[in-house]
Amino acid sequence: MNDRTSGPERAEHEELARLLPAPAERDLPPGRHLHHKDTLMHLIDQDGDRTTARPRPRLLRPAVLLPAAGLALGGVLLTTLTVTGQERAPAPSAAGTGSHATAPRGAAVLLDRVASVAAKKGEQKVTGDQFVYVRTLQTENEGKFDGPVKLTEPREREVWITQKSGPVIDEGLIHQDGSYIPITVGVPDGETAVGYPAGLSRPTYTWLASLPTDPDALLQRLATEITTDQDARDTPAEDRDPDQDAFDAIGELLRETVMPPKTAAALYKAAAKISGVTEDSDAVDAAGRHGIGVARDNTRAGWRTAWIFDSTTLEYLGERSYLIRDTSMGKKGTLINQSAVLERAVVNALRERPSTEKPSTTT
């Protein structure tokens with residue numbers, strides 16, 4: 001947004017910005033929602049000078065194209081970036097080079113156990129005309145755009161994601177706060193949009209099943225996918241932390257998909273090879289469930305993210321993130337995100353729920 005923005009437009013932009021989650025110091029805030037993207041800021045800033053645009057890192061989800069009338073509602077589900085107190089990224093490390101460090105023994109043992117449990121689950125047959133359904137609890141930030149985090153109580157959210165190999169523009173549907181919001185994805189191109197095929201930006205069950213199951217090969221594949229996505233957004237390589245990128249990518253895949261057993265096991269084993277991954281002995285998800293965590297500190301952004309597993313069954317429960325130092329988002333120890341996965345399934349239609357086995361007529 002620049003000085004040419006009119007008063008009413010500025011007020012509208014500020015209201016939209018207020019609905020956004022808290023800004024990060026560099027990287028995207030953790031617990032990114034399925035359709036979060038920098039599209040909202042693109043729409044807000046599109047009348048401004050390109051030379052003054054904020055630098056943005058790689059995003060693992062494609063841009064979301066929302067009608068103007070839906071921006072106020074969609075804004076609470078979008079994530080953007082503000083850069084403050086920038087510091088030089090560390091040199092590329094093992095996850096990006098193919099020579100991997102190993103997590104400390106506690107985390108490595110835990111991830112190996114989780115991988116063994118995941119590998120024993122039954123394989124599913126998922127077709128391109130079906131949808132992955134995920135029901136979660138999510139916290140949202142109601143704090144000021146450039147101020148401290150003010151988290152809501154956890155709110156339930158349902159998502160239906162198409163399993164078409166693509167490219168697709170209509171990716172699925174979100175149900176939250178009583179409203180159904182279409183997920184329309186793609187890159188703006190004049191009056192049209194270019195859809196996204198299955199891939200890291202849109203991980204279908206079939207695409208996930210095609211990934212390497214060797215942990216080293218899998219990390220290399222993810223690094224390639226991330227680099228390609230990063231380059232498309234002109235993010236300099238020296239501004240990325242390959243280890244953090246790999247951890248975040250795996251975290252997104254665990255949180256927002258129905259996973260083939262062999263792929264899930266490989267991802268957990270790959271995570272054990274990421275430098276800086278540690279064990280968190282007691283972590284709590286958004287549903288209040290206590291579990292054991294696998295965590296990593298994002299030292300550049302100033303927060304720790306933990307994947308939470310049931311301490312008995314080793315099932316994935318959710319994720320939580322909190323500050324490890326004082327930042328513009330709050331004091332050290334401040335909770336900045338919390339989620340819980342309540343249900344996952346493959347269904348045959350939008351609005352169909354596993355418990356009802358038929359589309360909902362509720363609007």
# chains A, B, ... in the order shown; residues from 1 in each chain; ligands from 1
call {"tool": "select_by_dssp", "arguments": {"residues": "segment 229-301 of chain A", "states": "helix (DSSP H, G or I)", "output": "ChimeraX atom specification"}}
result
/A:229-232,237-239,242-255,261-271
call {"tool": "residues_around", "arguments": {"residues": "Leu335 of chain A", "least_positions_apart": "2", "cutoff": "8 Å", "atoms": "only C-alpha atoms", "output": "PyMOL selection string"}}
result
chain A and resi 320-323+333+337-338
call {"tool": "closest_residue", "arguments": {"among": "A:Leu111, A:Leu200, A:Val346, A:Ala272", "to": "Thr228 of chain A", "atoms": "only C-alpha atoms"}}
result
A:Leu200
call {"tool": "atom_distance", "arguments": {"atom1": "atom CA of Lys144 of chain A", "atom2": "atom CA of Arg325 of chain A"}}
result
19.5 Å
